[in-house]
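Shown here: protein33.cif, mmCIF, C-alpha atoms (C1' of nucleotides); chains and numbers go by the auth columns.
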```cif
data_run
#
loop_
_atom_site.group_PDB
_atom_site.id
_atom_site.type_symbol
_atom_site.label_atom_id
_atom_site.label_comp_id
_atom_site.label_asym_id
_atom_site.label_seq_id
_atom_site.Cartn_x
_atom_site.Cartn_y
_atom_site.Cartn_z
_atom_site.B_iso_or_equiv
_atom_site.auth_seq_id
_atom_site.auth_asym_id
ATOM 1 C CA MET A 1 -70.240 162.850 32.173 0.00 1 A
ATOM 2 C CA HIS A 2 -67.339 164.518 30.485 0.00 2 A
ATOM 3 C CA ALA A 3 -68.863 167.067 28.254 0.00 3 A
ATOM 4 C CA GLU A 4 -65.855 169.073 27.250 0.00 4 A
ATOM 5 C CA ARG A 5 -65.930 167.976 23.660 0.00 5 A
ATOM 6 C CA LYS A 6 -69.523 168.912 23.123 0.00 6 A
ATOM 7 C CA LEU A 7 -70.016 171.819 20.790 0.00 7 A
ATOM 8 C CA SER A 8 -71.025 174.981 22.604 0.00 8 A
ATOM 9 C CA PRO A 9 -74.194 177.026 22.075 0.00 9 A
ATOM 10 C CA GLU A 10 -72.047 179.617 20.326 0.00 10 A
ATOM 11 C CA PHE A 11 -71.366 177.120 17.576 0.00 11 A
ATOM 12 C CA TYR A 12 -75.026 176.895 16.667 0.00 12 A
ATOM 13 C CA ILE A 13 -76.147 180.410 17.396 0.00 13 A
ATOM 14 C CA ARG A 14 -74.663 182.130 14.390 0.00 14 A
ATOM 15 C CA GLU A 15 -76.222 183.775 11.400 0.00 15 A
ATOM 16 C CA ASP A 16 -74.457 181.841 8.675 0.00 16 A
ATOM 17 C CA THR A 17 -76.276 178.531 8.654 0.00 17 A
ATOM 18 C CA ALA A 18 -74.540 177.246 5.538 0.00 18 A
ATOM 19 C CA LYS A 19 -71.232 177.757 7.256 0.00 19 A
ATOM 20 C CA ILE A 20 -72.384 175.867 10.324 0.00 20 A
ATOM 21 C CA ALA A 21 -73.564 173.020 8.092 0.00 21 A
ATOM 22 C CA ARG A 22 -70.146 172.879 6.476 0.00 22 A
ATOM 23 C CA GLU A 23 -68.387 172.916 9.822 0.00 23 A
ATOM 24 C CA LEU A 24 -70.486 170.045 11.123 0.00 24 A
ATOM 25 C CA LEU A 25 -68.716 167.689 8.725 0.00 25 A
ATOM 26 C CA GLY A 26 -66.265 165.552 10.644 0.00 26 A
ATOM 27 C CA LYS A 27 -68.014 166.139 13.954 0.00 27 A
ATOM 28 C CA LEU A 28 -69.317 163.232 16.000 0.00 28 A
ATOM 29 C CA LEU A 29 -73.033 162.738 16.605 0.00 29 A
ATOM 30 C CA VAL A 30 -73.446 160.848 19.865 0.00 30 A
ATOM 31 C CA VAL A 31 -76.659 159.182 21.033 0.00 31 A
ATOM 32 C CA PRO A 32 -76.162 156.903 24.036 0.00 32 A
ATOM 33 C CA ASP A 33 -78.321 153.801 24.060 0.00 33 A
ATOM 34 C CA GLU A 34 -80.678 152.715 26.845 0.00 34 A
ATOM 35 C CA GLY A 35 -77.766 151.237 28.750 0.00 35 A
ATOM 36 C CA GLY A 36 -75.829 154.481 28.558 0.00 36 A
ATOM 37 C CA HIS A 37 -73.335 153.134 26.069 0.00 37 A
ATOM 38 C CA ARG A 38 -72.096 155.509 23.444 0.00 38 A
ATOM 39 C CA VAL A 39 -73.405 154.979 19.962 0.00 39 A
ATOM 40 C CA SER A 40 -72.024 157.484 17.538 0.00 40 A
ATOM 41 C CA GLY A 41 -71.170 158.375 14.003 0.00 41 A
ATOM 42 C CA MET A 42 -69.072 160.971 12.257 0.00 42 A
ATOM 43 C CA ILE A 43 -71.137 163.424 10.273 0.00 43 A
ATOM 44 C CA VAL A 44 -70.271 163.166 6.597 0.00 44 A
ATOM 45 C CA GLU A 45 -73.243 164.871 4.942 0.00 45 A
ATOM 46 C CA THR A 46 -75.441 167.840 5.854 0.00 46 A
ATOM 47 C CA GLU A 47 -77.947 170.209 4.305 0.00 47 A
ATOM 48 C CA ALA A 48 -78.708 173.748 5.399 0.00 48 A
ATOM 49 C CA TYR A 49 -82.272 175.044 5.517 0.00 49 A
ATOM 50 C CA LEU A 50 -82.296 178.777 5.659 0.00 50 A
ATOM 51 C CA GLY A 51 -85.667 179.567 7.126 0.00 51 A
ATOM 52 C CA ILE A 52 -88.132 182.194 5.964 0.00 52 A
ATOM 53 C CA GLY A 53 -86.599 182.871 2.575 0.00 53 A
ATOM 54 C CA ASP A 54 -85.971 179.223 1.699 0.00 54 A
ATOM 55 C CA ARG A 55 -88.785 177.511 -0.157 0.00 55 A
ATOM 56 C CA ALA A 56 -87.496 174.123 0.906 0.00 56 A
ATOM 57 C CA ALA A 57 -87.594 174.942 4.604 0.00 57 A
ATOM 58 C CA HIS A 58 -90.530 174.068 6.805 0.00 58 A
ATOM 59 C CA SER A 59 -90.390 177.614 8.069 0.00 59 A
ATOM 60 C CA TYR A 60 -90.597 179.151 4.598 0.00 60 A
ATOM 61 C CA GLY A 61 -92.517 182.397 4.562 0.00 61 A
ATOM 62 C CA GLY A 62 -92.684 182.398 8.328 0.00 62 A
ATOM 63 C CA ARG A 63 -94.843 179.286 8.544 0.00 63 A
ATOM 64 C CA ARG A 64 -95.119 178.371 12.170 0.00 64 A
ATOM 65 C CA THR A 65 -96.909 175.225 13.243 0.00 65 A
ATOM 66 C CA GLY A 66 -96.798 172.747 16.031 0.00 66 A
ATOM 67 C CA ARG A 67 -94.402 170.663 14.000 0.00 67 A
ATOM 68 C CA ASN A 68 -91.800 173.279 13.175 0.00 68 A
ATOM 69 C CA GLU A 69 -92.136 175.364 16.319 0.00 69 A
ATOM 70 C CA ILE A 70 -88.746 174.098 17.454 0.00 70 A
ATOM 71 C CA MET A 71 -87.053 175.813 14.531 0.00 71 A
ATOM 72 C CA TYR A 72 -88.028 179.168 16.028 0.00 72 A
ATOM 73 C CA GLY A 73 -86.112 178.445 19.195 0.00 73 A
ATOM 74 C CA ALA A 74 -82.454 179.269 19.709 0.00 74 A
ATOM 75 C CA GLY A 75 -79.803 177.144 18.006 0.00 75 A
ATOM 76 C CA GLY A 76 -78.594 174.005 19.707 0.00 76 A
ATOM 77 C CA GLN A 77 -81.846 172.111 19.920 0.00 77 A
ATOM 78 C CA VAL A 78 -82.830 168.925 18.173 0.00 78 A
ATOM 79 C CA TYR A 79 -85.562 169.124 15.571 0.00 79 A
ATOM 80 C CA VAL A 80 -86.878 165.685 14.681 0.00 80 A
ATOM 81 C CA PHE A 81 -89.813 165.219 12.372 0.00 81 A
ATOM 82 C CA PHE A 82 -91.530 162.407 10.585 0.00 82 A
ATOM 83 C CA VAL A 83 -91.760 162.177 6.787 0.00 83 A
ATOM 84 C CA TYR A 84 -93.146 159.863 4.147 0.00 84 A
ATOM 85 C CA GLY A 85 -95.133 158.144 6.837 0.00 85 A
ATOM 86 C CA MET A 86 -92.160 156.099 8.002 0.00 86 A
ATOM 87 C CA TYR A 87 -88.915 157.932 8.496 0.00 87 A
ATOM 88 C CA TYR A 88 -87.481 160.373 10.971 0.00 88 A
ATOM 89 C CA GLN A 89 -85.110 163.164 10.115 0.00 89 A
ATOM 90 C CA PHE A 90 -82.603 164.527 12.579 0.00 90 A
ATOM 91 C CA ASN A 91 -81.884 168.257 12.412 0.00 91 A
ATOM 92 C CA ALA A 92 -79.916 170.690 14.520 0.00 92 A
ATOM 93 C CA VAL A 93 -81.591 174.047 14.977 0.00 93 A
ATOM 94 C CA ALA A 94 -79.270 176.917 14.040 0.00 94 A
ATOM 95 C CA GLY A 95 -79.183 180.638 14.653 0.00 95 A
ATOM 96 C CA PRO A 96 -80.713 182.776 17.378 0.00 96 A
ATOM 97 C CA ALA A 97 -84.345 182.520 18.479 0.00 97 A
ATOM 98 C CA GLU A 98 -86.972 183.616 15.933 0.00 98 A
ATOM 99 C CA HIS A 99 -84.473 182.754 13.219 0.00 99 A
ATOM 100 C CA PRO A 100 -85.943 179.446 12.045 0.00 100 A
ATOM 101 C CA HIS A 101 -82.945 177.835 10.404 0.00 101 A
ATOM 102 C CA ALA A 102 -81.928 174.201 10.708 0.00 102 A
ATOM 103 C CA ILE A 103 -79.344 171.757 9.481 0.00 103 A
ATOM 104 C CA LEU A 104 -80.399 168.314 8.367 0.00 104 A
ATOM 105 C CA ILE A 105 -77.905 165.582 9.176 0.00 105 A
ATOM 106 C CA ARG A 106 -78.086 163.382 6.092 0.00 106 A
ATOM 107 C CA ALA A 107 -75.407 160.785 6.742 0.00 107 A
ATOM 108 C CA VAL A 108 -72.862 159.640 9.301 0.00 108 A
ATOM 109 C CA GLU A 109 -70.079 157.082 9.385 0.00 109 A
ATOM 110 C CA PRO A 110 -70.452 154.631 12.299 0.00 110 A
ATOM 111 C CA VAL A 111 -67.780 155.126 14.933 0.00 111 A
ATOM 112 C CA GLU A 112 -68.889 153.732 18.289 0.00 112 A
ATOM 113 C CA GLY A 113 -71.470 151.088 19.128 0.00 113 A
ATOM 114 C CA ILE A 114 -71.342 149.490 15.720 0.00 114 A
ATOM 115 C CA GLU A 115 -72.750 146.238 17.064 0.00 115 A
ATOM 116 C CA MET A 116 -75.789 148.098 18.315 0.00 116 A
ATOM 117 C CA ILE A 117 -76.162 149.837 14.992 0.00 117 A
ATOM 118 C CA ARG A 118 -76.023 146.550 13.106 0.00 118 A
ATOM 119 C CA GLU A 119 -78.619 145.093 15.412 0.00 119 A
ATOM 120 C CA ARG A 120 -80.999 147.974 14.853 0.00 120 A
ATOM 121 C CA ARG A 121 -80.553 148.034 11.098 0.00 121 A
ATOM 122 C CA GLY A 122 -80.724 144.296 10.569 0.00 122 A
ATOM 123 C CA LYS A 123 -78.531 142.444 8.149 0.00 123 A
ATOM 124 C CA MET A 124 -77.159 145.221 6.028 0.00 124 A
ATOM 125 C CA ALA A 125 -73.944 145.969 4.224 0.00 125 A
ATOM 126 C CA ASP A 126 -71.897 148.289 6.389 0.00 126 A
ATOM 127 C CA HIS A 127 -72.026 151.183 3.990 0.00 127 A
ATOM 128 C CA ASN A 128 -75.817 151.029 4.113 0.00 128 A
ATOM 129 C CA LEU A 129 -76.078 151.280 7.891 0.00 129 A
ATOM 130 C CA THR A 130 -76.195 155.047 8.185 0.00 130 A
ATOM 131 C CA SER A 131 -75.997 156.382 4.644 0.00 131 A
ATOM 132 C CA GLY A 132 -79.164 158.429 4.648 0.00 132 A
ATOM 133 C CA PRO A 133 -81.158 160.647 6.985 0.00 133 A
ATOM 134 C CA GLY A 134 -83.816 158.032 7.713 0.00 134 A
ATOM 135 C CA LYS A 135 -81.284 155.240 8.105 0.00 135 A
ATOM 136 C CA LEU A 136 -79.103 157.055 10.583 0.00 136 A
ATOM 137 C CA CYS A 137 -82.110 157.771 12.784 0.00 137 A
ATOM 138 C CA ILE A 138 -82.893 154.077 12.947 0.00 138 A
ATOM 139 C CA ALA A 139 -79.244 153.229 13.518 0.00 139 A
ATOM 140 C CA LEU A 140 -78.840 155.714 16.354 0.00 140 A
ATOM 141 C CA GLY A 141 -82.236 155.038 17.887 0.00 141 A
ATOM 142 C CA ILE A 142 -83.592 158.518 17.233 0.00 142 A
ATOM 143 C CA ASN A 143 -87.330 158.986 17.351 0.00 143 A
ATOM 144 C CA ARG A 144 -89.995 161.600 17.865 0.00 144 A
ATOM 145 C CA SER A 145 -89.246 161.921 21.556 0.00 145 A
ATOM 146 C CA PHE A 146 -85.937 163.610 20.710 0.00 146 A
ATOM 147 C CA ASN A 147 -87.729 166.569 19.220 0.00 147 A
ATOM 148 C CA GLY A 148 -87.033 169.706 21.236 0.00 148 A
ATOM 149 C CA GLU A 149 -84.237 168.123 23.249 0.00 149 A
ATOM 150 C CA SER A 150 -81.157 170.197 23.892 0.00 150 A
ATOM 151 C CA LEU A 151 -77.865 169.300 22.235 0.00 151 A
ATOM 152 C CA PHE A 152 -76.191 170.056 25.544 0.00 152 A
ATOM 153 C CA GLY A 153 -78.073 167.410 27.505 0.00 153 A
ATOM 154 C CA GLU A 154 -77.503 163.681 27.851 0.00 154 A
ATOM 155 C CA ARG A 155 -79.789 162.297 25.154 0.00 155 A
ATOM 156 C CA SER A 156 -77.921 163.367 22.067 0.00 156 A
ATOM 157 C CA TRP A 157 -75.218 165.835 21.218 0.00 157 A
ATOM 158 C CA ILE A 158 -72.462 166.669 18.756 0.00 158 A
ATOM 159 C CA GLU A 159 -68.825 166.831 19.712 0.00 159 A
ATOM 160 C CA ASN A 160 -65.512 167.650 18.091 0.00 160 A
ATOM 161 C CA PHE A 161 -63.869 164.732 16.378 0.00 161 A
ATOM 162 C CA ARG A 162 -62.008 165.192 13.106 0.00 162 A
ATOM 163 C CA ASP A 163 -61.000 168.186 11.112 0.00 163 A
ATOM 164 C CA ILE A 164 -62.064 168.013 7.526 0.00 164 A
ATOM 165 C CA SER A 165 -59.888 170.062 5.258 0.00 165 A
ATOM 166 C CA LYS A 166 -61.558 172.399 2.850 0.00 166 A
ATOM 167 C CA ALA A 167 -60.308 170.306 -0.050 0.00 167 A
ATOM 168 C CA GLN A 168 -62.303 167.326 1.180 0.00 168 A
ATOM 169 C CA ILE A 169 -65.593 169.161 1.281 0.00 169 A
ATOM 170 C CA ALA A 170 -67.930 168.881 -1.676 0.00 170 A
ATOM 171 C CA VAL A 171 -70.870 171.219 -2.255 0.00 171 A
ATOM 172 C CA GLY A 172 -74.025 170.551 -4.227 0.00 172 A
ATOM 173 C CA LYS A 173 -77.761 170.883 -4.545 0.00 173 A
ATOM 174 C CA ARG A 174 -80.038 169.592 -1.863 0.00 174 A
ATOM 175 C CA ILE A 175 -82.008 166.420 -2.347 0.00 175 A
ATOM 176 C CA GLY A 176 -85.700 165.672 -2.521 0.00 176 A
ATOM 177 C CA ILE A 177 -86.968 169.224 -2.700 0.00 177 A
ATOM 178 C CA ASP A 178 -87.894 169.640 -6.356 0.00 178 A
ATOM 179 C CA TYR A 179 -90.987 171.530 -5.269 0.00 179 A
ATOM 180 C CA ALA A 180 -88.799 174.347 -3.974 0.00 180 A
ATOM 181 C CA GLY A 181 -88.354 175.971 -7.369 0.00 181 A
ATOM 182 C CA GLU A 182 -85.230 178.074 -7.668 0.00 182 A
ATOM 183 C CA ASP A 183 -84.211 177.282 -4.150 0.00 183 A
ATOM 184 C CA ALA A 184 -83.760 173.657 -5.170 0.00 184 A
ATOM 185 C CA GLN A 185 -80.647 174.810 -7.008 0.00 185 A
ATOM 186 C CA LYS A 186 -78.987 176.438 -4.010 0.00 186 A
ATOM 187 C CA PRO A 187 -75.595 174.939 -3.063 0.00 187 A
ATOM 188 C CA TRP A 188 -76.566 174.115 0.471 0.00 188 A
ATOM 189 C CA ARG A 189 -75.680 170.456 0.660 0.00 189 A
ATOM 190 C CA PHE A 190 -72.271 169.542 1.986 0.00 190 A
ATOM 191 C CA TRP A 191 -70.520 166.233 2.161 0.00 191 A
ATOM 192 C CA VAL A 192 -67.112 164.666 2.595 0.00 192 A
ATOM 193 C CA ARG A 193 -65.813 163.949 -0.863 0.00 193 A
ATOM 194 C CA GLY A 194 -65.320 160.284 -1.530 0.00 194 A
ATOM 195 C CA ASN A 195 -66.704 159.095 1.790 0.00 195 A
ATOM 196 C CA PRO A 196 -68.571 155.794 1.234 0.00 196 A
ATOM 197 C CA PHE A 197 -71.244 156.679 3.772 0.00 197 A
ATOM 198 C CA VAL A 198 -72.565 159.700 1.917 0.00 198 A
ATOM 199 C CA SER A 199 -76.141 158.951 0.890 0.00 199 A
ATOM 200 C CA LYS A 200 -75.734 159.325 -2.819 0.00 200 A
ATOM 201 C CA PRO A 201 -73.046 160.408 -5.162 0.00 201 A
ATOM 202 C CA ARG A 202 -74.296 163.564 -6.791 0.00 202 A
ATOM 203 C CA LEU A 203 -73.012 166.284 -8.959 0.00 203 A
ATOM 204 C CA GLU A 204 -70.854 168.821 -7.231 0.00 204 A
ATOM 205 C CA ILE A 205 -71.374 172.449 -7.864 0.00 205 A
ATOM 206 C CA SER A 206 -67.965 173.934 -8.362 0.00 206 A
ATOM 207 C CA GLN A 207 -67.387 176.311 -5.560 0.00 207 A
ATOM 208 C CA GLN A 208 -67.125 179.970 -6.566 0.00 208 A
ATOM 209 C CA THR A 209 -63.790 181.702 -5.874 0.00 209 A
ATOM 210 C "C1'" DC B 1 -89.802 153.320 -9.672 0.00 1 S
ATOM 211 C "C1'" DA B 2 -93.607 152.163 -6.291 0.00 2 S
ATOM 212 C "C1'" DT B 3 -94.456 152.583 -1.824 0.00 3 S
ATOM 213 C "C1'" DT B 4 -96.039 154.573 2.801 0.00 4 S
ATOM 214 C "C1'" DT B 5 -98.868 157.342 6.539 0.00 5 S
ATOM 215 C "C1'" DG B 6 -98.624 161.553 9.521 0.00 6 S
ATOM 216 C "C1'" DA B 7 -99.008 166.418 9.196 0.00 7 S
ATOM 217 C "C1'" DT B 8 -100.985 170.378 6.958 0.00 8 S
ATOM 218 C "C1'" DA B 9 -104.055 173.196 4.675 0.00 9 S
ATOM 219 C "C1'" DA B 10 -108.326 174.126 3.008 0.00 10 S
ATOM 220 C "C1'" DC B 11 -112.625 173.673 3.616 0.00 11 S
ATOM 221 C "C1'" DG B 12 -117.606 173.760 6.115 0.00 12 S
ATOM 222 C "C1'" DG C 1 -114.907 167.997 12.266 0.00 1 Q
ATOM 223 C "C1'" DT C 2 -113.952 166.138 7.576 0.00 2 Q
ATOM 224 C "C1'" DT C 3 -111.367 165.770 3.387 0.00 3 Q
ATOM 225 C "C1'" DA C 4 -107.507 166.302 0.066 0.00 4 Q
ATOM 226 C "C1'" DT C 5 -102.778 166.890 -0.863 0.00 5 Q
ATOM 227 C "C1'" DC C 6 -98.179 166.364 -0.060 0.00 6 Q
ATOM 228 C "C1'" DA C 7 -93.561 165.107 1.985 0.00 7 Q
ATOM 229 C "C1'" DA C 8 -85.640 167.065 4.177 0.00 8 Q
ATOM 230 C "C1'" DA C 9 -86.721 158.881 1.747 0.00 9 Q
ATOM 231 C "C1'" DT C 10 -86.071 153.886 1.233 0.00 10 Q
ATOM 232 C "C1'" DG C 11 -85.927 149.335 -0.657 0.00 11 Q
ATOM 233 C "C1'" DT C 12 -86.277 146.774 -4.764 0.00 12 Q
#
```
Go ahead and render the structure in this file as structure tokens.
Amino acid sequence: MHAERKLSPEFYIREDTAKIARELLGKLLVVPDEGGHRVSGMIVETEAYLGIGDRAAHSYGGRRTGRNEIMYGAGGQVYVFFVYGMYYQFNAVAGPAEHPHAILIRAVEPVEGIEMIRERRGKMADHNLTSGPGKLCIALGINRSFNGESLFGERSWIENFRDISKAQIAVGKRIGIDYAGEDAQKPWRFWVRGNPFVSKPRLEISQQT
DNA sequence: CATTTGATAACG
DNA sequence: GTTATCAAATGT
């Protein structure tokens, strides 16, 4: 395998999780299928979850359970969990060990293996194939068994692909976390402005300075 | 806007 | 061990 384009551990093991989330835009999420063929999508939407002090994070207040244990590991691992009784969410663990931050990949734009993606998603308009965290897991064949996998292995990884200019990046509030109180207002959702694969058009928070 | 079911937390 | 509450969403 040629792994040169894979992001290095240093990319994930940094303190500024929001920055990592922003930099993941334009990168390629690759999950080979059973036959070893590349199925991939460009990341167009992410959300940062900043650990202990973030009411919306599973690790808020230092909560540590069998489910979120992975978040306490070093950055560069896959954290997959099940929600709403039917959907998976794909996250990349960020930061050093005992620093339970993670970045939720909310949407990708199909790049390779589109036929496979269409097959998995059924008859679906193209812009609906991967425009949401649950959808992209189905499309890329991600399931519970990916939890705890390394992003430097052969099951799934993220590699360099496009550069997204700062002007193309939109910032806003995270989605589906109304219970998080003030933290629900934090500008920790990032997406590529105008990209049709972003899960939902939402209000942008004008970036300070 | 109703739906869905596994994971958690709070019990006993 | 049992029970109650809730969840990083989706499809209609």
DT5 in chain S environment, 7 Å, all atoms listed in the file, sequence neighbours closer than 5 positions dropped, as a PyMOL selection string
chain A and resi 84-86
Would you pick out the contacts of DA10 in chain S at 12 Å or less, using all atoms listed in the file, so that residues sharing its chain but fewer than 4 positions from it are not included, and give the list as a list in words?
DT2, DT3, DA4 and DT5 of chain Q
Would you mind listing, as a ChimeraX atom specification, all residues of chain Q that have at least one atom within 10 Å of chain A, where all atoms listed in the file are what counts?
/Q:6-10
At a cut-off of 12 Å, list the chain S residues touching chain A, using all atoms listed in the file, as a PyMOL selection string.
chain S and resi 3-9
Taking C-alpha atoms (C1' of nucleotides) for each residue, export the selection above as a PDB file, in the frame of the given file.
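For reference, selection-v6.pdb as written:
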```pdb
ATOM      1  C1'  DT S   3     -94.456 152.583  -1.824  1.00  0.00           C
ATOM      2  C1'  DT S   4     -96.039 154.573   2.801  1.00  0.00           C
ATOM      3  C1'  DT S   5     -98.868 157.342   6.539  1.00  0.00           C
ATOM      4  C1'  DG S   6     -98.624 161.553   9.521  1.00  0.00           C
ATOM      5  C1'  DA S   7     -99.008 166.418   9.196  1.00  0.00           C
ATOM      6  C1'  DT S   8    -100.985 170.378   6.958  1.00  0.00           C
ATOM      7  C1'  DA S   9    -104.055 173.196   4.675  1.00  0.00           C
TER       8       DA S   9
END
```
Just so the selection is clear, what residues does the PyMOL selection byres ((chain A and resi 36-44) around 9) cover here, as a ChimeraX atom specification?
/A:24-35,45-46,105-114,116-117,130,136,139-140,161-162,190-193,195,197-198
How would the residues just picked look written out with C-alpha atoms as a JSON list (two decimals), in the frame of the given file?
```json
[["chain", "number", "residue", "atom", "x", "y", "z"],
["A", 24, "LEU", "CA", -70.49, 170.04, 11.12],
["A", 25, "LEU", "CA", -68.72, 167.69, 8.72],
["A", 26, "GLY", "CA", -66.26, 165.55, 10.64],
["A", 27, "LYS", "CA", -68.01, 166.14, 13.95],
["A", 28, "LEU", "CA", -69.32, 163.23, 16.00],
["A", 29, "LEU", "CA", -73.03, 162.74, 16.60],
["A", 30, "VAL", "CA", -73.45, 160.85, 19.86],
["A", 31, "VAL", "CA", -76.66, 159.18, 21.03],
["A", 32, "PRO", "CA", -76.16, 156.90, 24.04],
["A", 33, "ASP", "CA", -78.32, 153.80, 24.06],
["A", 34, "GLU", "CA", -80.68, 152.72, 26.84],
["A", 35, "GLY", "CA", -77.77, 151.24, 28.75],
["A", 45, "GLU", "CA", -73.24, 164.87, 4.94],
["A", 46, "THR", "CA", -75.44, 167.84, 5.85],
["A", 105, "ILE", "CA", -77.90, 165.58, 9.18],
["A", 106, "ARG", "CA", -78.09, 163.38, 6.09],
["A", 107, "ALA", "CA", -75.41, 160.78, 6.74],
["A", 108, "VAL", "CA", -72.86, 159.64, 9.30],
["A", 109, "GLU", "CA", -70.08, 157.08, 9.38],
["A", 110, "PRO", "CA", -70.45, 154.63, 12.30],
["A", 111, "VAL", "CA", -67.78, 155.13, 14.93],
["A", 112, "GLU", "CA", -68.89, 153.73, 18.29],
["A", 113, "GLY", "CA", -71.47, 151.09, 19.13],
["A", 114, "ILE", "CA", -71.34, 149.49, 15.72],
["A", 116, "MET", "CA", -75.79, 148.10, 18.32],
["A", 117, "ILE", "CA", -76.16, 149.84, 14.99],
["A", 130, "THR", "CA", -76.19, 155.05, 8.18],
["A", 136, "LEU", "CA", -79.10, 157.06, 10.58],
["A", 139, "ALA", "CA", -79.24, 153.23, 13.52],
["A", 140, "LEU", "CA", -78.84, 155.71, 16.35],
["A", 161, "PHE", "CA", -63.87, 164.73, 16.38],
["A", 162, "ARG", "CA", -62.01, 165.19, 13.11],
["A", 190, "PHE", "CA", -72.27, 169.54, 1.99],
["A", 191, "TRP", "CA", -70.52, 166.23, 2.16],
["A", 192, "VAL", "CA", -67.11, 164.67, 2.60],
["A", 193, "ARG", "CA", -65.81, 163.95, -0.86],
["A", 195, "ASN", "CA", -66.70, 159.10, 1.79],
["A", 197, "PHE", "CA", -71.24, 156.68, 3.77],
["A", 198, "VAL", "CA", -72.56, 159.70, 1.92]]
```
Using all atoms of range 176-180 of chain A that appear in the file, construct an axis-aligned enclosing box with 3 Å of padding on every side and provide its centre coordinates and edge lengths in Å, rounded to one decimal, as AutoDock Vina command-line options.
```
--center_x -88.3 --center_y 170.0 --center_z -4.4 --size_x 11.3 --size_y 14.7 --size_z 9.8
```
Rounded to one decimal, what separation in Å do you get between CA of Arg55 in chain A and CA of Tyr72 in chain A?
16.3 Å
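Taking CA of Ser199 in chain A and CA of Lys173 in chain A as the two end points, the separation is 13.2 Å.
Using all atoms listed in the file for every distance, the candidate list A:Leu129, A:Ile205, A:Val80, A:Ile52 yields A:Ile205 as the residue closest to Val171 in chain A.
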C1' of DG1 in chain Q to CA of Glu69 in chain A measures 24.3 Å
Kindly resolve the PyMOL selection byres ((chain A and resi 100) around 9) on the present coordinates and return the residues as a PyMOL selection string.
chain A and resi 49-52+57-60+62+68-75+93-99+101-102
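Each of A:Glu23, A:Asp16, A:Asp183, A:Glu149 was checked against Lys166 in chain A using all atoms listed in the file; the smallest atom-to-atom distance is that of A:Glu23.
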Can you complete the atoms of range 101-116 of chain A to N, CA and C atoms and list them as an mmCIF file, in the coordinates of the input?
```
data_model
loop_
_atom_site.group_PDB
_atom_site.id
_atom_site.type_symbol
_atom_site.label_atom_id
_atom_site.label_comp_id
_atom_site.auth_asym_id
_atom_site.auth_seq_id
_atom_site.Cartn_x
_atom_site.Cartn_y
_atom_site.Cartn_z
ATOM 1 N N HIS A 101 -83.824 178.610 11.269
ATOM 2 C CA HIS A 101 -82.945 177.835 10.404
ATOM 3 C C HIS A 101 -82.661 176.475 11.036
ATOM 4 N N ALA A 102 -82.283 175.509 10.181
ATOM 5 C CA ALA A 102 -81.928 174.201 10.708
ATOM 6 C C ALA A 102 -80.975 173.506 9.750
ATOM 7 N N ILE A 103 -80.270 172.534 10.285
ATOM 8 C CA ILE A 103 -79.344 171.757 9.481
ATOM 9 C C ILE A 103 -79.743 170.295 9.578
ATOM 10 N N LEU A 104 -80.029 169.716 8.425
ATOM 11 C CA LEU A 104 -80.399 168.314 8.367
ATOM 12 C C LEU A 104 -79.132 167.478 8.306
ATOM 13 N N ILE A 105 -79.027 166.513 9.222
ATOM 14 C CA ILE A 105 -77.905 165.582 9.176
ATOM 15 C C ILE A 105 -78.313 164.460 8.234
ATOM 16 N N ARG A 106 -77.666 164.348 7.107
ATOM 17 C CA ARG A 106 -78.086 163.382 6.092
ATOM 18 C C ARG A 106 -77.342 162.052 6.167
ATOM 19 N N ALA A 107 -76.124 162.051 6.690
ATOM 20 C CA ALA A 107 -75.407 160.785 6.742
ATOM 21 C C ALA A 107 -74.270 160.861 7.748
ATOM 22 N N VAL A 108 -73.988 159.730 8.377
ATOM 23 C CA VAL A 108 -72.862 159.640 9.301
ATOM 24 C C VAL A 108 -72.102 158.346 9.001
ATOM 25 N N GLU A 109 -70.879 158.302 9.498
ATOM 26 C CA GLU A 109 -70.079 157.082 9.385
ATOM 27 C C GLU A 109 -69.997 156.476 10.779
ATOM 28 N N PRO A 110 -70.435 155.227 10.962
ATOM 29 C CA PRO A 110 -70.452 154.631 12.299
ATOM 30 C C PRO A 110 -69.077 154.673 12.949
ATOM 31 N N VAL A 111 -69.049 155.053 14.229
ATOM 32 C CA VAL A 111 -67.780 155.126 14.933
ATOM 33 C C VAL A 111 -67.801 154.273 16.197
ATOM 34 N N GLU A 112 -68.795 154.513 17.056
ATOM 35 C CA GLU A 112 -68.889 153.732 18.289
ATOM 36 C C GLU A 112 -70.218 152.981 18.304
ATOM 37 N N GLY A 113 -70.225 151.848 18.990
ATOM 38 C CA GLY A 113 -71.470 151.088 19.128
ATOM 39 C C GLY A 113 -71.929 150.456 17.831
ATOM 40 N N ILE A 114 -70.969 150.045 17.025
ATOM 41 C CA ILE A 114 -71.342 149.490 15.720
ATOM 42 C C ILE A 114 -72.194 148.236 15.838
ATOM 43 N N GLU A 115 -71.931 147.443 16.883
ATOM 44 C CA GLU A 115 -72.750 146.238 17.064
ATOM 45 C C GLU A 115 -74.213 146.616 17.256
ATOM 46 N N MET A 116 -74.427 147.636 18.066
ATOM 47 C CA MET A 116 -75.789 148.098 18.315
ATOM 48 C C MET A 116 -76.431 148.605 17.029
#
```
